[in-house]
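What follows is the content of upload-v3.cif, which has mmCIF, C-alpha atoms:
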data_entry
loop_
_atom_site.label_atom_id
_atom_site.label_comp_id
_atom_site.auth_asym_id
_atom_site.auth_seq_id
_atom_site.Cartn_x
_atom_site.Cartn_y
_atom_site.Cartn_z
CA MET A 1 55.34 48.42 103.08
CA ARG A 2 58.42 46.87 101.48
CA VAL A 3 61.69 47.80 103.15
CA LEU A 4 64.84 47.05 101.16
CA ARG A 5 68.15 46.85 103.00
CA GLY A 6 71.71 46.62 101.79
CA ARG A 7 73.67 47.36 98.65
CA ALA A 8 73.97 45.36 95.43
CA PRO A 9 77.45 44.13 94.39
CA THR A 10 77.95 46.64 91.56
CA ARG A 11 76.91 50.22 90.84
CA ASP A 12 74.70 49.22 87.90
CA GLU A 13 72.98 46.46 89.88
CA ASP A 14 72.48 48.83 92.78
CA ARG A 15 70.79 51.43 90.58
CA THR A 16 68.57 48.70 89.14
CA VAL A 17 67.31 47.83 92.63
CA THR A 18 65.83 51.30 93.10
CA ALA A 19 64.46 51.45 89.55
CA GLU A 20 62.71 48.12 90.04
CA MET A 21 61.39 49.30 93.40
CA LEU A 22 59.63 52.19 91.64
CA ALA A 23 58.25 49.92 88.90
CA ASP A 24 56.99 47.43 91.49
CA THR A 25 55.14 50.17 93.38
CA ALA A 26 53.47 51.35 90.17
CA GLU A 27 52.34 47.79 89.44
CA SER A 28 51.40 46.55 92.91
CA GLY A 29 50.32 49.75 94.65
CA GLU A 30 52.58 48.93 97.62
CA SER A 31 54.87 51.64 99.00
CA ALA A 32 58.55 50.93 99.58
CA VAL A 33 61.51 52.44 101.44
CA ARG A 34 65.21 51.93 100.89
CA VAL A 35 68.04 53.57 102.89
CA TRP A 36 71.63 52.52 102.17
CA THR A 37 75.20 53.61 101.43
CA PRO A 38 75.77 53.54 97.64
CA HIS A 39 79.06 52.68 96.01
CA ARG A 40 81.65 55.45 95.62
CA GLN A 41 80.57 57.61 92.66
CA VAL A 42 79.57 61.04 91.41
CA ALA A 43 75.97 61.03 90.18
CA PHE A 44 75.37 63.69 87.50
CA GLY A 45 71.94 65.09 86.72
CA ARG A 46 70.33 65.69 83.36
CA ARG A 47 71.38 69.36 83.26
CA ASP A 48 74.97 68.32 83.87
CA ALA A 49 74.82 65.87 80.96
CA ARG A 50 73.83 68.71 78.63
CA ALA A 51 76.75 70.94 79.66
CA ASP A 52 79.41 71.70 77.03
CA ASP A 53 82.21 70.34 79.20
CA PHE A 54 80.40 67.33 80.65
CA ASP A 55 83.14 65.02 79.42
CA VAL A 56 85.69 67.18 81.25
CA ALA A 57 83.62 66.99 84.43
CA LYS A 58 83.51 63.19 84.18
CA SER A 59 87.27 63.08 83.69
CA VAL A 60 87.73 65.24 86.78
CA ALA A 61 85.51 62.88 88.78
CA ARG A 62 87.64 59.91 87.73
CA ALA A 63 90.81 61.81 88.63
CA CYS A 64 89.33 62.28 92.11
CA ARG A 65 88.65 58.51 92.27
CA PHE A 66 84.87 58.84 91.83
CA GLU A 67 83.16 56.82 89.10
CA PRO A 68 80.81 59.13 87.10
CA VAL A 69 77.23 57.96 86.58
CA GLU A 70 74.11 59.68 85.25
CA ARG A 71 70.79 59.73 87.09
CA SER A 72 67.25 60.54 86.00
CA VAL A 73 66.14 62.26 89.22
CA GLY A 74 67.56 65.26 91.06
CA GLY A 75 69.54 68.29 90.01
CA ARG A 76 73.30 68.79 89.86
CA ALA A 77 76.19 66.47 90.67
CA VAL A 78 76.29 64.68 94.04
CA ALA A 79 79.27 62.74 95.38
CA TYR A 80 78.99 59.50 97.35
CA THR A 81 82.10 58.35 99.19
CA GLY A 82 80.85 54.94 100.33
CA THR A 83 79.67 56.22 103.71
CA THR A 84 77.27 58.78 102.24
CA VAL A 85 73.67 57.72 102.89
CA ALA A 86 71.03 57.62 100.16
CA PHE A 87 67.31 57.20 100.76
CA ALA A 88 64.41 56.39 98.45
CA ARG A 89 60.69 56.18 99.14
CA THR A 90 58.14 55.09 96.54
CA VAL A 91 54.42 55.73 96.81
CA PRO A 92 51.58 54.69 94.49
CA LEU A 93 49.79 57.40 92.52
CA SER A 94 46.32 57.61 91.07
CA ASP A 95 46.90 61.12 89.69
CA MET A 96 50.35 62.36 88.65
CA ARG A 97 49.21 65.98 88.94
CA THR A 98 48.57 66.00 92.69
CA GLY A 99 50.47 65.47 95.93
CA MET A 100 53.98 66.53 94.92
CA GLU A 101 54.35 69.23 97.57
CA GLU A 102 52.94 66.96 100.28
CA ARG A 103 55.40 64.19 99.42
CA TYR A 104 58.32 66.62 99.50
CA VAL A 105 57.28 68.03 102.85
CA GLU A 106 56.60 64.65 104.45
CA THR A 107 59.93 63.18 103.37
CA THR A 108 61.94 66.28 104.29
CA ARG A 109 60.38 66.35 107.76
CA ALA A 110 61.13 62.66 108.29
CA VAL A 111 64.80 63.14 107.36
CA GLN A 112 64.98 66.26 109.52
CA ARG A 113 63.66 64.33 112.54
CA ALA A 114 66.18 61.58 111.83
CA LEU A 115 69.01 64.13 111.87
CA TRP A 116 67.71 65.51 115.16
CA ARG A 117 67.87 61.99 116.62
CA VAL A 118 71.56 61.67 115.71
CA GLY A 119 72.32 64.98 117.33
CA VAL A 120 72.11 67.43 114.41
CA PRO A 121 69.62 70.32 114.82
CA ALA A 122 69.16 70.54 111.05
CA GLN A 123 66.91 73.24 109.62
CA ARG A 124 65.26 73.70 106.24
CA GLY A 125 67.34 75.64 103.72
CA GLU A 126 70.87 75.64 102.39
CA PRO A 127 73.90 77.90 102.12
CA PRO A 128 74.54 79.92 98.93
CA ARG A 129 76.33 78.09 96.11
CA SER A 130 75.76 74.66 97.62
CA PHE A 131 75.90 71.33 95.79
CA CYS A 132 72.75 70.15 93.99
CA ALA A 133 70.78 73.23 95.05
CA GLY A 134 67.08 72.68 95.71
CA ASP A 135 64.08 73.87 97.69
CA TYR A 136 64.04 70.89 100.04
CA SER A 137 67.46 70.87 101.64
CA LEU A 138 68.54 70.59 105.27
CA GLN A 139 71.52 72.42 106.72
CA TRP A 140 73.52 72.92 109.89
CA ASN A 141 77.02 74.29 109.50
CA GLY A 142 76.66 73.48 105.79
CA LYS A 143 74.24 71.53 103.63
CA ILE A 144 73.75 68.03 104.99
CA ALA A 145 70.75 66.64 103.07
CA GLY A 146 68.74 67.23 99.92
CA VAL A 147 65.53 65.76 98.53
CA ALA A 148 64.41 65.23 94.93
CA GLN A 149 61.34 63.70 93.33
CA ARG A 150 60.45 61.80 90.18
CA VAL A 151 56.87 61.10 89.11
CA GLN A 152 55.73 58.54 86.58
CA SER A 153 52.47 56.84 85.77
CA GLY A 154 51.33 54.93 88.85
CA ALA A 155 54.09 55.89 91.28
CA ALA A 156 56.39 58.59 92.63
CA LEU A 157 59.98 58.28 93.85
CA VAL A 158 61.11 60.71 96.55
CA SER A 159 64.83 60.31 97.12
CA GLY A 160 67.86 62.11 98.43
CA VAL A 161 71.18 62.09 100.21
CA VAL A 162 72.57 62.61 103.70
CA VAL A 163 76.25 63.52 104.04
CA VAL A 164 77.49 61.60 107.07
CA ASP A 165 81.22 62.39 107.00
CA ASP A 166 83.91 63.03 104.35
CA HIS A 167 82.57 66.56 103.77
CA GLY A 168 86.11 67.72 103.01
CA GLU A 169 86.67 65.04 100.38
CA ILE A 170 83.26 65.70 98.83
CA ALA A 171 83.92 69.44 98.67
CA GLY A 172 87.38 68.87 97.19
CA ALA A 173 85.97 66.71 94.39
CA LEU A 174 82.89 68.79 93.62
CA ASP A 175 84.83 72.07 93.44
CA PRO A 176 86.64 71.26 90.13
CA ILE A 177 83.65 69.26 88.85
CA TYR A 178 81.29 72.21 89.27
CA ALA A 179 83.93 74.51 87.76
CA ALA A 180 84.01 72.30 84.66
CA LEU A 181 80.21 72.45 84.50
CA ASP A 182 80.31 76.27 84.97
CA VAL A 183 78.07 76.03 88.06
CA PRO A 184 78.73 78.30 91.08
CA PHE A 185 79.92 76.31 94.09
CA ASP A 186 81.38 77.11 97.51
CA PRO A 187 83.35 74.17 98.98
CA ASP A 188 82.66 75.46 102.49
CA SER A 189 78.92 74.99 101.87
CA VAL A 190 79.25 71.20 102.24
CA GLY A 191 78.17 70.07 105.66
CA SER A 192 77.90 66.65 107.26
CA VAL A 193 76.65 64.92 110.37
CA ALA A 194 80.26 64.78 111.54
CA ARG A 195 80.84 68.49 110.90
CA ALA A 196 77.70 69.24 112.93
CA GLU A 197 79.13 67.07 115.74
CA GLY A 198 76.37 64.48 115.51
CA ASP A 199 76.58 60.68 115.60
CA ALA A 200 78.45 60.07 112.35
CA ASP A 201 78.18 56.27 112.28
CA PRO A 202 76.76 55.56 108.79
CA GLU A 203 74.95 52.43 110.01
CA ARG A 204 73.25 54.42 112.76
CA VAL A 205 72.20 57.12 110.28
CA VAL A 206 70.83 54.47 107.90
CA ALA A 207 68.81 52.84 110.68
CA VAL A 208 67.30 56.08 111.99
CA VAL A 209 66.42 57.50 108.55
CA GLU A 210 64.78 54.18 107.63
CA GLU A 211 62.75 54.14 110.84
CA LEU A 212 61.45 57.67 110.31
CA LEU A 213 60.58 57.06 106.63
CA VAL A 214 58.74 53.82 107.43
CA GLY A 215 56.82 55.43 110.27
CA ASP A 216 53.88 53.38 111.56
CA ALA A 217 53.68 51.13 108.50
CA SER A 218 54.09 47.38 108.82
CA ALA A 219 57.48 46.54 107.28
CA ASN A 220 58.16 43.57 105.02
CA VAL A 221 61.97 43.52 104.97
CA GLU A 222 63.95 42.28 101.97
CA VAL A 223 67.73 42.06 101.84
CA VAL A 224 69.20 43.31 98.57
CA GLY A 225 71.04 40.52 96.76
CA ARG A 226 69.16 37.71 98.50
CA ASP A 227 66.08 35.80 97.37
CA ASP A 228 64.72 35.24 100.86
CA ALA A 229 63.15 38.00 102.93
CA GLU A 230 63.80 38.59 106.59
CA THR A 231 61.11 39.02 109.18
CA ALA A 232 60.99 42.70 110.07
CA PRO A 233 62.28 43.47 113.59
CA SER A 234 60.47 45.84 115.87
CA LYS A 235 61.11 49.56 115.53
CA ALA A 236 62.97 49.68 118.83
CA SER A 237 65.38 46.89 117.89
CA ARG A 238 65.78 48.22 114.33
CA ALA A 239 66.91 51.63 115.55
CA ALA A 240 69.84 50.03 117.37
CA GLU A 241 70.65 47.40 114.74
CA PRO A 242 73.48 47.95 112.22
CA ALA A 243 72.17 48.27 108.69
CA GLU A 244 73.36 45.64 106.26
CA ASP A 245 75.69 46.89 103.54
#

Please render this file's structure as structure tokens.
Amino acid sequence: MRVLRGRAPTRDEDRTVTAEMLADTAESGESAVRVWTPHRQVAFGRRDARADDFDVAKSVARACRFEPVERSVGGRAVAYTGTTVAFARTVPLSDMRTGMEERYVETTRAVQRALWRVGVPAQRGEPPRSFCAGDYSLQWNGKIAGVAQRVQSGAALVSGVVVVDDHGEIAGALDPIYAALDVPFDPDSVGSVARAEGDADPERVVAVVEELLVGDASANVEVVGRDDAETAPSKASRAAEPAED
């Protein structure tokens, strides 16, 4: 399994890393995992882009010091502060019509176990009027994580977000953004590892989520932005090692 670590220098380059990861899995048949902290941004979904006041929502995001971007997977707008953790797992497919539920469940359980390890007893579900509402969310004193999926010929991408800290800033930005999009939203529905009194070190969260998503697979580690690949450390050392950013 390929394991990609780190963040590309720019937002566009960083998004390309994950897109190429999916394409490579479709071509090679090798699964991949990436867990990292994306650049500060608000990622809008396709439904957001079709809203009458989408341009207003993007202007609001900029006013809140979040660069607006559009994504092809997931639902409504999600804010990343720079410490927010994103995860992506690609798996090869022989039949696009099968396995979607199993991939959702497997990934959600892995992220849930990772949250347990950092001291958050997260449970499946989400509060009413939460950000980027979906069926595969995890909550504890607010929504902490969500999972989405994209399927294409030859591969599937299961991805999502974990709010580590900055839940107040995220709620404050998403409140006027969702208002512009005419989407119900409760700022108090935003949770975080910090709000749940867990270990809110983003590097620790990255390391543990990566470990649980990789599981028992043999990891071939690649550092984003470098041509040479590292030798993968053992699981025990990886769990305690700061993730590169």

At a cut-off of 9 Å, can you tabulate as a tab-separated table every residue of segment 131-188 of chain A near segment 44-64 of chain A together with its closest atom pair and the distance in Å to one decimal, using only C-alpha atoms and ordering rows by chain then number?
residue	atom	partner	partner_atom	distance
A:Cys132	CA	A:Gly45	CA	8.9
A:Gly172	CA	A:Cys64	CA	8.5
A:Ala173	CA	A:Cys64	CA	6.0
A:Leu174	CA	A:Ala61	CA	8.1
A:Pro176	CA	A:Val60	CA	7.0
A:Ile177	CA	A:Ala57	CA	5.0
A:Tyr178	CA	A:Ala57	CA	7.5
A:Ala179	CA	A:Ala57	CA	8.2
A:Ala180	CA	A:Ala57	CA	5.3
A:Leu181	CA	A:Asp53	CA	6.0
A:Asp182	CA	A:Ala51	CA	8.3

Neighbours of segment 67-84 of chain A within 6 Å (only C-alpha atoms; same-chain residues fewer than 3 positions away dropped), as a PDB file with C-alpha atoms, in the coordinates of the input?
ATOM      1  CA  THR A  37      75.200  53.610 101.430  1.00  0.00           C
ATOM      2  CA  PRO A  38      75.770  53.540  97.640  1.00  0.00           C
ATOM      3  CA  HIS A  39      79.060  52.680  96.010  1.00  0.00           C
ATOM      4  CA  ARG A  40      81.650  55.450  95.620  1.00  0.00           C
ATOM      5  CA  GLN A  41      80.570  57.610  92.660  1.00  0.00           C
ATOM      6  CA  VAL A  42      79.570  61.040  91.410  1.00  0.00           C
ATOM      7  CA  ALA A  43      75.970  61.030  90.180  1.00  0.00           C
ATOM      8  CA  PHE A  44      75.370  63.690  87.500  1.00  0.00           C
ATOM      9  CA  GLY A  45      71.940  65.090  86.720  1.00  0.00           C
ATOM     10  CA  LYS A  58      83.510  63.190  84.180  1.00  0.00           C
ATOM     11  CA  ARG A  62      87.640  59.910  87.730  1.00  0.00           C
ATOM     12  CA  CYS A 132      72.750  70.150  93.990  1.00  0.00           C
ATOM     13  CA  ALA A 148      64.410  65.230  94.930  1.00  0.00           C
ATOM     14  CA  ARG A 150      60.450  61.800  90.180  1.00  0.00           C
ATOM     15  CA  VAL A 163      76.250  63.520 104.040  1.00  0.00           C
ATOM     16  CA  VAL A 164      77.490  61.600 107.070  1.00  0.00           C
ATOM     17  CA  PRO A 202      76.760  55.560 108.790  1.00  0.00           C
TER      18      PRO A 202
END

Using the chain letters and numbers from the file, which residues does the PyMOL selection byres ((chain A and resi 161) around 7) grab, as a PyMOL selection string?
chain A and resi 85-87+145-147+160+162-163

When you draw a straight line from atom CA of Trp116 of chain A to atom CA of Gly198 of chain A, how long is it in Å?
8.7 Å

Suppose you want the space between atom CA of Val158 of chain A and atom CA of Tyr104 of chain A; what is it in Å?
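Between atom CA of Val158 of chain A and atom CA of Tyr104 of chain A the gap is 7.2 Å.
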